[in-house]
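Undergrad: target-v7.cif is reproduced below (mmCIF, C-alpha atoms).
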data_run
loop_
_atom_site.label_atom_id
_atom_site.label_comp_id
_atom_site.auth_asym_id
_atom_site.auth_seq_id
_atom_site.Cartn_x
_atom_site.Cartn_y
_atom_site.Cartn_z
CA HIS A 659 42.30 -40.94 -39.60
CA HIS A 660 40.78 -39.72 -36.37
CA PHE A 661 38.62 -42.05 -34.31
CA GLU A 662 35.58 -39.78 -34.54
CA GLU A 663 35.78 -39.86 -38.33
CA LYS A 664 35.28 -43.61 -38.41
CA PHE A 665 33.22 -44.50 -35.34
CA VAL A 666 30.35 -43.21 -33.25
CA VAL A 667 30.32 -43.75 -29.48
CA GLU A 668 26.67 -44.50 -28.74
CA GLU A 669 27.10 -45.25 -25.03
CA CYS A 670 29.86 -44.75 -22.53
CA SER A 671 30.21 -45.47 -18.82
CA VAL A 672 33.03 -45.85 -16.34
CA LEU A 673 33.03 -48.40 -13.53
CA SER A 674 35.59 -47.27 -10.99
CA THR A 675 36.18 -49.64 -8.07
CA CYS A 676 38.89 -50.26 -5.49
CA ALA A 677 40.50 -52.89 -7.71
CA ARG A 678 40.14 -51.60 -11.28
CA LEU A 679 38.92 -48.97 -13.72
CA ASP A 680 36.62 -50.27 -16.45
CA VAL A 681 35.66 -48.05 -19.38
CA ILE A 682 32.59 -49.52 -21.07
CA LEU A 683 31.78 -48.33 -24.59
CA VAL A 684 29.21 -49.11 -27.25
CA ILE A 685 30.52 -48.07 -30.65
CA ARG A 686 29.52 -48.52 -34.27
CA PRO A 687 31.25 -47.66 -37.55
CA ILE A 688 29.93 -44.59 -39.31
CA SER A 689 29.97 -46.42 -42.66
CA PRO A 690 29.02 -50.06 -41.98
CA THR A 691 28.78 -50.86 -45.70
CA ALA A 692 31.53 -53.47 -45.48
CA LEU A 693 29.29 -55.72 -43.42
CA ASN A 694 26.29 -55.26 -45.67
CA ASP A 695 28.04 -55.95 -48.99
CA SER A 696 26.80 -59.21 -50.47
CA THR A 697 29.51 -61.62 -51.52
CA THR A 698 29.61 -65.19 -52.70
CA ASN A 699 32.99 -65.75 -51.12
CA SER A 700 32.30 -66.56 -47.47
CA GLY A 701 36.02 -66.67 -46.72
CA LEU A 702 36.47 -63.12 -48.01
CA HIS A 703 33.44 -61.98 -46.03
CA THR A 704 34.84 -63.53 -42.84
CA GLN A 705 38.23 -61.93 -43.45
CA ARG A 706 36.62 -58.52 -43.88
CA ASN A 707 34.72 -58.94 -40.63
CA GLU A 708 37.88 -59.95 -38.79
CA GLU A 709 39.80 -56.99 -40.20
CA LYS A 710 36.96 -54.65 -39.24
CA ASN A 711 36.87 -56.03 -35.68
CA MET A 712 40.62 -55.64 -35.34
CA ALA A 713 40.43 -52.06 -36.62
CA GLU A 714 37.63 -51.26 -34.17
CA GLN A 715 39.52 -52.72 -31.23
CA LEU A 716 42.75 -50.94 -32.13
CA ALA A 717 41.00 -47.61 -32.66
CA LEU A 718 39.06 -48.00 -29.44
CA ARG A 719 42.17 -48.85 -27.45
CA TYR A 720 44.00 -45.70 -28.55
CA ALA A 721 40.90 -43.52 -28.21
CA VAL A 722 40.51 -44.58 -24.57
CA ALA A 723 44.24 -44.10 -23.97
CA PHE A 724 44.08 -40.60 -25.47
CA THR A 725 41.06 -39.68 -23.30
CA LEU A 726 42.70 -40.98 -20.14
CA LEU A 727 45.83 -38.99 -20.91
CA GLN A 728 43.77 -35.82 -21.31
CA GLN A 729 42.30 -36.40 -17.84
CA ILE A 730 45.61 -36.86 -16.04
CA GLN A 731 47.90 -34.57 -18.01
CA SER A 732 48.84 -31.47 -16.00
CA SER A 733 51.20 -29.66 -18.38
CA GLN A 734 51.61 -28.99 -22.05
CA LYS A 735 53.89 -31.46 -23.76
CA SER A 736 55.13 -31.94 -27.27
CA THR A 737 53.20 -34.00 -29.77
CA LYS A 738 55.91 -36.66 -29.70
CA ASP A 739 55.76 -36.97 -25.91
CA GLN A 740 51.98 -37.21 -26.03
CA ARG A 741 52.16 -39.92 -28.68
CA ASN A 742 54.60 -41.94 -26.60
CA GLN A 743 52.43 -41.63 -23.50
CA ILE A 744 49.35 -42.69 -25.43
CA LEU A 745 51.22 -45.74 -26.70
CA GLN A 746 52.31 -46.63 -23.17
CA ILE A 747 48.79 -46.31 -21.78
CA ALA A 748 47.28 -48.26 -24.68
CA ASP A 749 49.77 -51.10 -24.20
CA GLY A 750 48.72 -51.36 -20.55
CA LEU A 751 45.02 -51.60 -21.30
CA VAL A 752 43.25 -54.96 -21.27
CA GLN A 753 40.48 -54.98 -23.84
CA ILE A 754 37.38 -57.16 -23.72
CA HIS A 755 35.29 -57.30 -26.87
CA GLY A 756 31.73 -58.52 -27.32
CA ALA A 757 28.61 -58.45 -25.15
CA HIS A 758 29.03 -62.02 -23.86
CA SER A 759 32.64 -61.50 -22.73
CA ILE A 760 31.88 -58.10 -21.20
CA SER A 761 28.86 -59.45 -19.33
CA THR A 762 30.92 -62.35 -17.98
CA HIS A 763 33.64 -59.95 -16.83
CA LEU A 764 31.19 -57.60 -15.09
CA CYS A 765 29.48 -60.51 -13.32
CA SER A 766 32.88 -61.77 -12.16
CA VAL A 767 33.73 -58.31 -10.83
CA ALA A 768 30.43 -58.09 -8.94
CA ILE A 769 30.87 -61.53 -7.42
CA GLY A 770 34.56 -61.16 -6.59
CA LEU A 771 35.88 -63.68 -9.12
CA ALA A 772 37.71 -61.27 -11.44
CA HIS A 773 41.50 -61.21 -11.51
CA ARG A 774 42.94 -58.15 -9.84
CA PRO A 775 45.12 -56.00 -12.13
CA ASP A 776 47.61 -55.40 -9.29
CA ARG A 777 47.95 -59.16 -8.73
CA PRO A 778 47.62 -60.71 -12.20
CA SER A 779 49.48 -63.91 -11.29
CA SER A 780 47.56 -64.58 -8.07
CA ASP A 781 44.77 -67.11 -7.97
CA VAL A 782 41.27 -65.73 -7.44
CA VAL A 783 39.79 -66.95 -4.16
CA PHE A 784 36.01 -66.82 -3.95
CA ASN A 785 35.05 -65.16 -0.68
CA PRO A 786 31.39 -64.09 -0.59
CA PHE A 787 31.85 -62.71 2.94
CA SER A 788 34.69 -60.35 2.03
CA SER A 789 33.99 -56.76 3.05
CA GLN A 790 36.24 -55.49 0.25
CA ASP A 791 34.34 -57.43 -2.42
CA ALA A 792 31.07 -56.24 -0.89
CA HIS A 793 32.31 -52.67 -1.19
CA ILE A 794 33.08 -53.24 -4.88
CA LEU A 795 29.51 -54.48 -5.34
CA MET A 796 28.28 -51.29 -3.68
CA GLN A 797 30.40 -49.21 -6.06
CA LEU A 798 28.82 -51.05 -9.00
CA LYS A 799 25.38 -50.29 -7.55
CA ARG A 800 26.24 -46.59 -7.30
CA THR A 801 27.32 -46.63 -10.96
CA VAL A 802 23.96 -48.13 -11.96
CA GLU A 803 22.14 -45.46 -9.95
CA ILE A 804 24.08 -42.69 -11.71
CA ILE A 805 23.34 -44.18 -15.13
CA SER A 806 19.65 -44.47 -14.22
CA ALA A 807 19.51 -40.85 -13.07
CA ARG A 808 21.17 -39.65 -16.27
CA GLY A 809 18.81 -41.82 -18.32
CA ASP A 810 15.79 -40.28 -16.60
CA GLN A 811 17.15 -36.80 -17.32
CA LYS A 812 17.64 -37.69 -20.99
CA LYS A 813 14.03 -38.89 -21.19
CA LEU A 814 12.83 -35.58 -19.75
CA ASN A 815 14.97 -33.66 -22.23
CA ALA A 816 13.68 -35.82 -25.10
CA ALA A 817 10.08 -35.26 -24.03
CA SER A 818 10.67 -31.51 -23.86
CA SER A 819 12.31 -31.55 -27.29
CA SER A 820 9.42 -33.56 -28.76
CA SER A 821 6.96 -31.05 -27.37
CA ARG A 822 8.85 -28.16 -28.98
CA GLN A 823 8.98 -30.01 -32.30
CA LYS A 824 5.22 -30.51 -32.24
CA GLN A 825 4.76 -26.80 -31.64
CA ASN A 826 7.13 -25.99 -34.52
CA GLN A 827 5.14 -28.22 -36.84
CA LYS A 828 2.18 -25.92 -36.35
CA VAL A 829 4.18 -22.95 -37.58
CA PRO A 830 3.81 -22.32 -41.35
CA GLY A 831 6.93 -23.03 -43.35
CA ARG A 832 8.48 -25.41 -40.80
CA CYS A 833 6.20 -28.38 -41.02
CA ARG A 834 7.74 -30.14 -44.02
CA GLY A 835 11.37 -29.75 -42.99
CA THR A 836 10.66 -30.79 -39.40
CA GLN A 837 8.79 -33.91 -40.48
CA THR A 838 11.62 -34.94 -42.80
CA LYS A 839 14.18 -34.51 -40.04
CA ASN A 840 12.04 -36.45 -37.58
CA LYS A 841 11.68 -39.33 -40.02
CA ARG A 842 15.44 -39.50 -40.49
CA GLN A 843 16.05 -39.45 -36.75
CA LYS A 844 13.44 -42.15 -36.17
CA LYS A 845 14.94 -44.38 -38.85
CA ALA A 846 18.44 -43.99 -37.39
CA THR A 847 17.17 -44.71 -33.88
CA LEU A 848 15.41 -47.88 -34.97
CA HIS A 849 18.48 -49.13 -36.81
CA TYR A 850 20.94 -48.31 -34.06
CA PRO A 851 19.38 -48.46 -30.56
CA SER A 852 21.38 -46.00 -28.51
CA ARG A 853 20.28 -46.28 -24.89
CA GLY A 854 20.30 -48.78 -22.09
CA ARG A 855 22.71 -51.45 -23.28
CA ILE A 856 25.45 -50.71 -20.76
CA LYS A 857 22.89 -50.42 -17.98
CA THR A 858 21.46 -53.80 -19.02
CA LEU A 859 24.89 -55.39 -18.60
CA LEU A 860 25.50 -53.69 -15.25
CA ASP A 861 22.03 -54.64 -13.99
CA GLY A 862 22.78 -58.26 -14.82
CA ALA A 863 26.10 -58.06 -13.00
CA LEU A 864 24.45 -56.48 -9.97
CA ARG A 865 21.87 -59.26 -9.79
CA ALA A 866 24.64 -61.85 -10.11
CA GLY A 867 26.63 -60.23 -7.30
CA LYS A 868 23.66 -60.38 -4.96
CA ALA A 869 22.70 -63.92 -5.97
CA ALA A 870 26.21 -65.27 -5.35
CA ARG A 871 26.00 -64.04 -1.73
CA ASN A 872 22.51 -65.43 -1.15
CA GLU A 873 22.53 -68.76 0.72
CA ARG A 874 19.05 -69.55 -0.57
CA ILE A 875 20.37 -69.46 -4.14
CA VAL A 876 23.84 -70.86 -3.42
CA PRO A 877 23.58 -72.76 -0.11
CA GLU A 878 27.09 -74.09 -0.67
CA ILE A 879 28.59 -70.75 0.38
CA ALA A 880 27.75 -71.61 3.97
CA THR A 881 30.64 -74.08 3.90
CA LEU A 882 33.04 -71.18 3.33
CA LYS A 883 32.24 -69.63 6.68
CA CYS A 884 33.63 -71.52 9.65
CA SER A 885 32.79 -70.00 13.00
CA ASP A 886 35.60 -69.83 15.50
CA HIS A 887 34.29 -69.95 19.07
CA ASP A 888 37.50 -68.45 20.48
CA ASN A 889 37.49 -65.43 18.14
CA ALA A 890 34.78 -63.01 17.09
CA THR A 891 35.92 -63.16 13.51
CA SER A 892 35.12 -65.84 11.00
CA GLN A 893 37.70 -67.77 9.05
CA MET A 894 37.18 -68.12 5.33
CA VAL A 895 37.98 -71.40 3.65
CA PRO A 896 38.59 -71.12 -0.12
CA SER A 897 36.77 -73.74 -2.14
CA ILE A 898 37.20 -74.40 -5.84
CA ALA A 899 34.06 -76.53 -5.82
CA VAL A 900 31.88 -73.67 -4.55
CA LYS A 901 33.49 -71.34 -7.06
CA GLU A 902 32.49 -73.69 -9.90
CA VAL A 903 28.94 -73.87 -8.52
CA VAL A 904 28.70 -70.07 -8.54
CA ILE A 905 29.94 -69.91 -12.13
CA GLU A 906 27.38 -72.49 -13.27
CA ARG A 907 24.45 -71.40 -11.14
CA VAL A 908 24.88 -67.62 -11.12
CA ILE A 909 27.25 -66.24 -13.76
CA GLU A 910 26.16 -68.29 -16.76
CA PRO A 911 22.39 -67.67 -16.27
CA ALA A 912 23.04 -63.96 -15.61
CA VAL A 913 25.04 -63.63 -18.82
CA GLN A 914 22.39 -65.48 -20.83
CA SER A 915 19.68 -63.24 -19.38
CA SER A 916 21.63 -60.07 -20.24
CA ILE A 917 22.29 -61.25 -23.79
CA ALA A 918 18.59 -62.07 -24.23
CA ARG A 919 17.66 -58.57 -23.04
CA LEU A 920 20.19 -56.99 -25.39
CA THR A 921 18.83 -59.04 -28.30
CA ALA A 922 15.32 -57.87 -27.49
CA MET A 923 16.55 -54.27 -27.46
CA GLU A 924 18.26 -54.67 -30.82
CA ASN A 925 15.10 -56.18 -32.32
CA GLY A 926 12.94 -53.39 -30.93
CA THR A 927 10.93 -55.76 -28.72
CA SER A 928 11.47 -53.74 -25.56
CA THR A 929 10.40 -50.54 -27.34
CA GLN A 930 7.22 -52.19 -28.59
CA ILE A 931 6.40 -53.46 -25.10
CA SER A 932 7.00 -50.00 -23.65
CA ARG A 933 4.66 -48.43 -26.22
CA MET A 934 1.99 -51.03 -25.50
CA ARG A 935 2.21 -50.25 -21.79
CA GLN A 936 1.85 -46.54 -22.48
CA GLN A 937 -1.20 -47.21 -24.65
CA ILE A 938 -2.75 -49.39 -21.97
CA HIS A 939 -2.14 -46.73 -19.30
CA GLY A 940 -3.69 -44.15 -21.62
CA ILE A 941 -6.81 -46.29 -22.12
CA VAL A 942 -7.11 -46.84 -18.36
CA ASP A 943 -6.86 -43.09 -17.75
CA VAL A 944 -9.57 -42.41 -20.33
CA LEU A 945 -11.89 -45.01 -18.83
CA GLY A 946 -11.39 -43.46 -15.45
#
Could you express the structure from this file as C-alpha coordinates?
TA:
Amino acid sequence: HHFEEKFVVEECSVLSTCARLDVILVIRPISPTALNDSTTNSGLHTQRNEEKNMAEQLALRYAVAFTLLQQIQSSQKSTKDQRNQILQIADGLVQIHGAHSISTHLCSVAIGLAHRPDRPSSDVVFNPFSSQDAHILMQLKRTVEIISARGDQKKLNAASSSSRQKQNQKVPGRCRGTQTKNKRQKKATLHYPSRGRIKTLLDGALRAGKAARNERIVPEIATLKCSDHDNATSQMVPSIAVKEVVIERVIEPAVQSSIARLTAMENGTSTQISRMRQQIHGIVDVLG
(Lines of atoms letter the chains of each structure in order from A and count residues from 1; the text may use other names and numbers.)
(Lines give C-alpha, C1' and ligand atoms only; values in the text may rest on other atoms or scores of the structure.)
Protein backbone atom coordinates (compact mmCIF):
# COMPACT_ATOMS: atom_id res chain seq x y z
CA HIS A 1 0.00 0.00 0.00
CA HIS A 2 1.09 3.56 -0.59
CA PHE A 3 2.16 5.71 2.34
CA GLU A 4 -0.55 8.30 1.70
CA GLU A 5 -3.22 5.60 1.90
CA LYS A 6 -2.29 4.76 5.47
CA PHE A 7 -0.91 7.95 7.02
CA VAL A 8 -1.47 11.68 7.04
CA VAL A 9 1.48 14.07 7.32
CA GLU A 10 0.16 16.82 9.59
CA GLU A 11 3.40 18.80 9.85
CA CYS A 12 6.69 18.75 8.02
CA SER A 13 9.87 20.78 8.30
CA VAL A 14 13.48 20.43 7.23
CA LEU A 15 16.42 21.55 9.35
CA SER A 16 19.41 21.85 7.04
CA THR A 17 22.71 22.70 8.72
CA CYS A 18 26.40 22.41 7.91
CA ALA A 19 26.60 19.04 9.66
CA ARG A 20 23.31 17.28 8.87
CA LEU A 21 19.90 17.26 7.21
CA ASP A 22 16.99 16.59 9.56
CA VAL A 23 13.51 15.94 8.18
CA ILE A 24 10.98 16.45 10.97
CA LEU A 25 7.50 14.99 10.47
CA VAL A 26 4.31 14.71 12.47
CA ILE A 27 2.20 11.85 11.14
CA ARG A 28 -0.91 9.98 12.20
CA PRO A 29 -2.61 6.85 10.85
CA ILE A 30 -5.73 7.49 8.80
CA SER A 31 -7.56 4.67 10.60
CA PRO A 32 -6.38 4.67 14.24
CA THR A 33 -8.99 2.10 15.27
CA ALA A 34 -6.34 -0.40 16.35
CA LEU A 35 -5.35 1.83 19.24
CA ASN A 36 -8.92 2.49 20.31
CA ASP A 37 -10.12 -1.12 20.32
CA SER A 38 -10.83 -2.25 23.87
CA THR A 39 -9.21 -5.52 24.86
CA THR A 40 -8.81 -7.45 28.07
CA ASN A 41 -5.48 -8.85 26.95
CA SER A 42 -2.91 -6.17 27.78
CA GLY A 43 -0.15 -8.23 26.16
CA LEU A 44 -2.05 -8.34 22.87
CA HIS A 45 -2.74 -4.61 23.10
CA THR A 46 0.95 -3.88 23.68
CA GLN A 47 1.94 -6.11 20.76
CA ARG A 48 -0.48 -4.29 18.46
CA ASN A 49 0.96 -0.95 19.52
CA GLU A 50 4.50 -2.16 18.89
CA GLU A 51 3.56 -3.52 15.46
CA LYS A 52 1.83 -0.25 14.61
CA ASN A 53 4.87 1.79 15.67
CA MET A 54 7.18 -0.41 13.61
CA ALA A 55 4.90 -0.06 10.58
CA GLU A 56 4.82 3.72 10.99
CA GLN A 57 8.58 3.98 11.28
CA LEU A 58 9.19 1.72 8.29
CA ALA A 59 6.65 3.54 6.13
CA LEU A 60 8.03 6.90 7.18
CA ARG A 61 11.60 5.87 6.42
CA TYR A 62 10.78 4.84 2.85
CA ALA A 63 8.49 7.82 2.29
CA VAL A 64 11.31 10.21 3.19
CA ALA A 65 13.77 8.22 1.06
CA PHE A 66 11.37 8.38 -1.91
CA THR A 67 10.90 12.15 -1.49
CA LEU A 68 14.64 12.78 -1.24
CA LEU A 69 15.20 10.73 -4.39
CA GLN A 70 12.64 12.81 -6.26
CA GLN A 71 14.54 15.96 -5.28
CA ILE A 72 17.95 14.79 -6.46
CA GLN A 73 17.05 12.59 -9.42
CA SER A 74 18.03 14.24 -12.71
CA SER A 75 17.02 11.58 -15.26
CA GLN A 76 14.32 9.04 -15.84
CA LYS A 77 15.23 5.61 -14.56
CA SER A 78 13.52 2.27 -14.49
CA THR A 79 11.25 1.28 -11.64
CA LYS A 80 13.78 -1.31 -10.49
CA ASP A 81 16.60 1.25 -10.37
CA GLN A 82 14.39 3.65 -8.45
CA ARG A 83 13.46 0.94 -5.97
CA ASN A 84 17.11 0.08 -5.38
CA GLN A 85 18.03 3.73 -4.85
CA ILE A 86 15.17 4.20 -2.41
CA LEU A 87 16.36 1.17 -0.46
CA GLN A 88 19.90 2.53 -0.35
CA ILE A 89 18.77 5.95 0.86
CA ALA A 90 16.42 4.44 3.44
CA ASP A 91 19.18 2.23 4.82
CA GLY A 92 21.36 5.31 5.32
CA LEU A 93 18.74 7.25 7.25
CA VAL A 94 18.88 7.46 11.03
CA GLN A 95 15.37 7.60 12.44
CA ILE A 96 14.40 9.13 15.78
CA HIS A 97 10.91 8.39 17.01
CA GLY A 98 8.92 10.14 19.73
CA ALA A 99 8.69 13.74 20.95
CA HIS A 100 11.10 13.25 23.86
CA SER A 101 13.85 11.71 21.72
CA ILE A 102 13.38 14.28 18.94
CA SER A 103 13.47 17.17 21.39
CA THR A 104 16.66 15.81 22.98
CA HIS A 105 18.27 15.46 19.55
CA LEU A 106 17.33 18.99 18.46
CA CYS A 107 18.63 20.47 21.72
CA SER A 108 21.89 18.56 21.25
CA VAL A 109 22.19 19.92 17.71
CA ALA A 110 21.60 23.48 18.89
CA ILE A 111 24.16 23.18 21.67
CA GLY A 112 26.78 21.34 19.64
CA LEU A 113 26.54 18.00 21.43
CA ALA A 114 25.07 15.92 18.59
CA HIS A 115 27.20 13.33 16.84
CA ARG A 116 28.23 14.39 13.36
CA PRO A 117 27.08 12.01 10.60
CA ASP A 118 30.41 12.41 8.78
CA ARG A 119 32.31 11.43 11.95
CA PRO A 120 30.08 8.86 13.68
CA SER A 121 32.91 7.25 15.64
CA SER A 122 34.41 10.51 16.92
CA ASP A 123 33.72 11.72 20.43
CA VAL A 124 31.61 14.86 20.74
CA VAL A 125 33.59 17.69 22.31
CA PHE A 126 31.50 20.44 23.88
CA ASN A 127 32.80 23.78 22.65
CA PRO A 128 30.37 26.65 23.34
CA PHE A 129 32.78 29.12 21.69
CA SER A 130 32.95 27.28 18.37
CA SER A 131 32.08 29.52 15.42
CA GLN A 132 30.89 26.49 13.44
CA ASP A 133 28.47 25.41 16.17
CA ALA A 134 27.29 29.01 16.50
CA HIS A 135 26.58 29.04 12.77
CA ILE A 136 24.49 25.87 13.14
CA LEU A 137 22.50 27.61 15.88
CA MET A 138 21.92 30.51 13.50
CA GLN A 139 20.69 28.10 10.82
CA LEU A 140 18.23 26.65 13.34
CA LYS A 141 17.04 30.18 14.13
CA ARG A 142 16.47 30.87 10.43
CA THR A 143 14.40 27.68 10.19
CA VAL A 144 12.22 28.83 13.09
CA GLU A 145 11.74 32.21 11.42
CA ILE A 146 10.63 30.55 8.17
CA ILE A 147 8.17 28.31 10.03
CA SER A 148 6.80 31.34 11.90
CA ALA A 149 6.33 33.28 8.67
CA ARG A 150 4.52 30.37 7.03
CA GLY A 151 2.38 29.94 10.14
CA ASP A 152 1.37 33.61 10.03
CA GLN A 153 0.45 33.24 6.36
CA LYS A 154 -1.68 30.18 7.14
CA LYS A 155 -3.52 32.14 9.85
CA LEU A 156 -4.28 34.91 7.35
CA ASN A 157 -5.52 32.37 4.82
CA ALA A 158 -7.66 30.67 7.49
CA ALA A 159 -9.15 34.00 8.54
CA SER A 160 -9.96 34.84 4.93
CA SER A 161 -11.52 31.41 4.41
CA SER A 162 -13.60 31.78 7.59
CA SER A 163 -14.86 35.13 6.38
CA ARG A 164 -15.93 33.64 3.05
CA GLN A 165 -17.69 30.76 4.83
CA LYS A 166 -19.66 33.21 6.96
CA GLN A 167 -20.74 35.03 3.83
CA ASN A 168 -21.76 31.73 2.20
CA GLN A 169 -23.89 30.86 5.22
CA LYS A 170 -26.02 33.89 4.47
CA VAL A 171 -26.78 32.60 0.99
CA PRO A 172 -30.00 30.50 0.82
CA GLY A 173 -29.42 26.83 0.15
CA ARG A 174 -25.83 26.78 1.43
CA CYS A 175 -26.30 27.29 5.12
CA ARG A 176 -27.03 23.70 6.17
CA GLY A 177 -24.29 22.05 4.13
CA THR A 178 -21.69 24.63 5.17
CA GLN A 179 -22.52 24.23 8.85
CA THR A 180 -22.24 20.45 8.63
CA LYS A 181 -18.85 20.70 6.94
CA ASN A 182 -17.61 23.22 9.49
CA LYS A 183 -18.65 20.96 12.36
CA ARG A 184 -16.75 18.05 10.85
CA GLN A 185 -13.65 20.15 10.31
CA LYS A 186 -13.82 21.51 13.87
CA LYS A 187 -14.17 18.03 15.32
CA ALA A 188 -11.19 16.75 13.33
CA THR A 189 -9.09 19.75 14.34
CA LEU A 190 -9.84 19.27 18.01
CA HIS A 191 -9.00 15.57 17.85
CA TYR A 192 -5.81 16.00 15.86
CA PRO A 193 -4.08 19.36 16.50
CA SER A 194 -2.24 20.12 13.29
CA ARG A 195 -0.10 23.20 13.83
CA GLY A 196 2.82 24.32 15.89
CA ARG A 197 4.25 21.09 17.25
CA ILE A 198 7.46 21.14 15.22
CA LYS A 199 7.93 24.83 15.96
CA THR A 200 7.48 24.10 19.67
CA LEU A 201 10.32 21.57 19.52
CA LEU A 202 12.57 23.92 17.54
CA ASP A 203 11.81 26.83 19.87
CA GLY A 204 12.86 24.68 22.81
CA ALA A 205 16.08 23.71 21.04
CA LEU A 206 16.82 27.33 20.20
CA ARG A 207 16.39 28.37 23.83
CA ALA A 208 18.65 25.51 24.91
CA GLY A 209 21.33 26.52 22.41
CA LYS A 210 21.38 30.07 23.75
CA ALA A 211 21.29 28.98 27.39
CA ALA A 212 24.25 26.61 26.98
CA ARG A 213 26.38 29.55 25.78
CA ASN A 214 25.25 31.89 28.55
CA GLU A 215 27.78 32.13 31.40
CA ARG A 216 25.07 33.39 33.75
CA ILE A 217 23.17 30.12 33.28
CA VAL A 218 26.20 27.83 32.92
CA PRO A 219 29.14 29.66 34.54
CA GLU A 220 31.22 26.51 34.19
CA ILE A 221 31.73 27.19 30.48
CA ALA A 222 34.18 29.92 31.42
CA THR A 223 36.66 27.18 32.32
CA LEU A 224 36.64 26.03 28.69
CA LYS A 225 38.12 29.29 27.48
CA CYS A 226 41.78 29.77 28.37
CA SER A 227 43.24 33.05 27.20
CA ASP A 228 46.67 32.86 25.64
CA HIS A 229 48.58 36.12 26.14
CA ASP A 230 50.98 35.34 23.28
CA ASN A 231 48.22 34.68 20.73
CA ALA A 232 45.04 36.54 19.85
CA THR A 233 43.11 33.31 19.67
CA SER A 234 41.71 31.36 22.56
CA GLN A 235 42.42 27.74 23.23
CA MET A 236 39.48 25.48 23.99
CA VAL A 237 39.83 22.83 26.65
CA PRO A 238 37.30 19.96 26.34
CA SER A 239 35.64 19.06 29.60
CA ILE A 240 33.38 16.09 30.21
CA ALA A 241 32.29 17.60 33.52
CA VAL A 242 30.99 20.79 31.88
CA LYS A 243 29.28 18.70 29.22
CA GLU A 244 27.40 16.78 31.92
CA VAL A 245 26.41 20.05 33.60
CA VAL A 246 24.97 21.34 30.32
CA ILE A 247 22.98 18.14 29.83
CA GLU A 248 21.53 18.34 33.34
CA ARG A 249 21.03 22.08 33.57
CA VAL A 250 20.00 22.94 30.00
CA ILE A 251 18.96 19.97 27.85
CA GLU A 252 16.81 18.08 30.35
CA PRO A 253 14.77 21.15 31.46
CA ALA A 254 14.37 22.26 27.83
CA VAL A 255 13.05 18.85 26.81
CA GLN A 256 10.65 18.75 29.77
CA SER A 257 9.38 22.23 28.90
CA SER A 258 8.81 21.28 25.26
CA ILE A 259 6.96 18.09 26.21
CA ALA A 260 4.77 20.06 28.63
CA ARG A 261 3.92 22.54 25.86
CA LEU A 262 3.11 19.72 23.45
CA THR A 263 0.87 18.08 26.04
CA ALA A 264 -0.97 21.35 26.54
CA MET A 265 -1.45 21.62 22.78
CA GLU A 266 -2.81 18.08 22.55
CA ASN A 267 -5.24 18.76 25.40
CA GLY A 268 -6.42 21.99 23.81
CA THR A 269 -5.15 24.13 26.70
CA SER A 270 -3.18 26.50 24.48
CA THR A 271 -6.21 26.98 22.21
CA GLN A 272 -8.42 27.81 25.18
CA ILE A 273 -5.89 30.33 26.48
CA SER A 274 -5.65 31.93 23.04
CA ARG A 275 -9.44 32.26 22.84
CA MET A 276 -9.57 33.78 26.32
CA ARG A 277 -6.97 36.35 25.32
CA GLN A 278 -8.95 37.24 22.21
CA GLN A 279 -12.10 37.65 24.30
CA ILE A 280 -10.28 39.85 26.79
CA HIS A 281 -8.85 42.02 24.00
CA GLY A 282 -12.35 42.29 22.53
CA ILE A 283 -13.80 43.43 25.86
CA VAL A 284 -11.01 45.99 26.28
CA ASP A 285 -11.69 47.36 22.78
CA VAL A 286 -15.40 47.66 23.54
CA LEU A 287 -14.76 49.47 26.82
CA GLY A 288 -12.49 51.86 25.03
Undergrad: Rank nothing, just name the residue among A:Arg774, A:Arg678, A:Arg741, A:Arg855 nearest to Thr921 (chain A), using only C-alpha atoms.
TA: A:Arg855
Undergrad: Return the single residue from A:Glu878, A:Glu663, A:Asp791, A:Asp739 that is closest to Val767 (chain A), with distances computed using all atoms listed in the file.
TA: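 The answer is A:Asp791, which sits nearest to Val767 (chain A).
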Undergrad: Just give me the gap between CA of Ala721 (chain A) and CA of Lys857 (chain A) in Å, one decimal is fine.
TA: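 Computing the Euclidean distance for CA of Ala721 (chain A) and CA of Lys857 (chain A) yields 21.8 Å.
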Undergrad: Work out how far CA of Thr725 (chain A) is from CA of Asp861 (chain A), in Å to one decimal.
TA: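 We find that CA of Asp861 (chain A) and CA of Thr725 (chain A) lie 25.9 Å from each other.
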Undergrad: Between CA of Arg808 (chain A) and CA of Ile747 (chain A), what is the spacing in Å?
TA: 28.9 Å
Undergrad: A:Ile688, A:Leu745, A:Val667, A:Ala869: which is nearest Ala768 (chain A), counting all atoms listed in the file?
TA: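 Among the listed residues, the smallest separation from Ala768 (chain A) belongs to A:Ala869.
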Undergrad: Near Cys676 (chain A), within 12 Å and counting only C-alpha atoms, which residues show up once chain neighbours fewer than 2 positions away are dropped, as a list in words?
TA: Leu673, Ser674, Arg678, Leu679, Asp680, Val767, Gly770, Arg774, Pro775, Asp776, Ser789, Gln790, Asp791, Ala792, His793, Ile794, Leu795, Met796, Gln797 and Leu798 of chain A
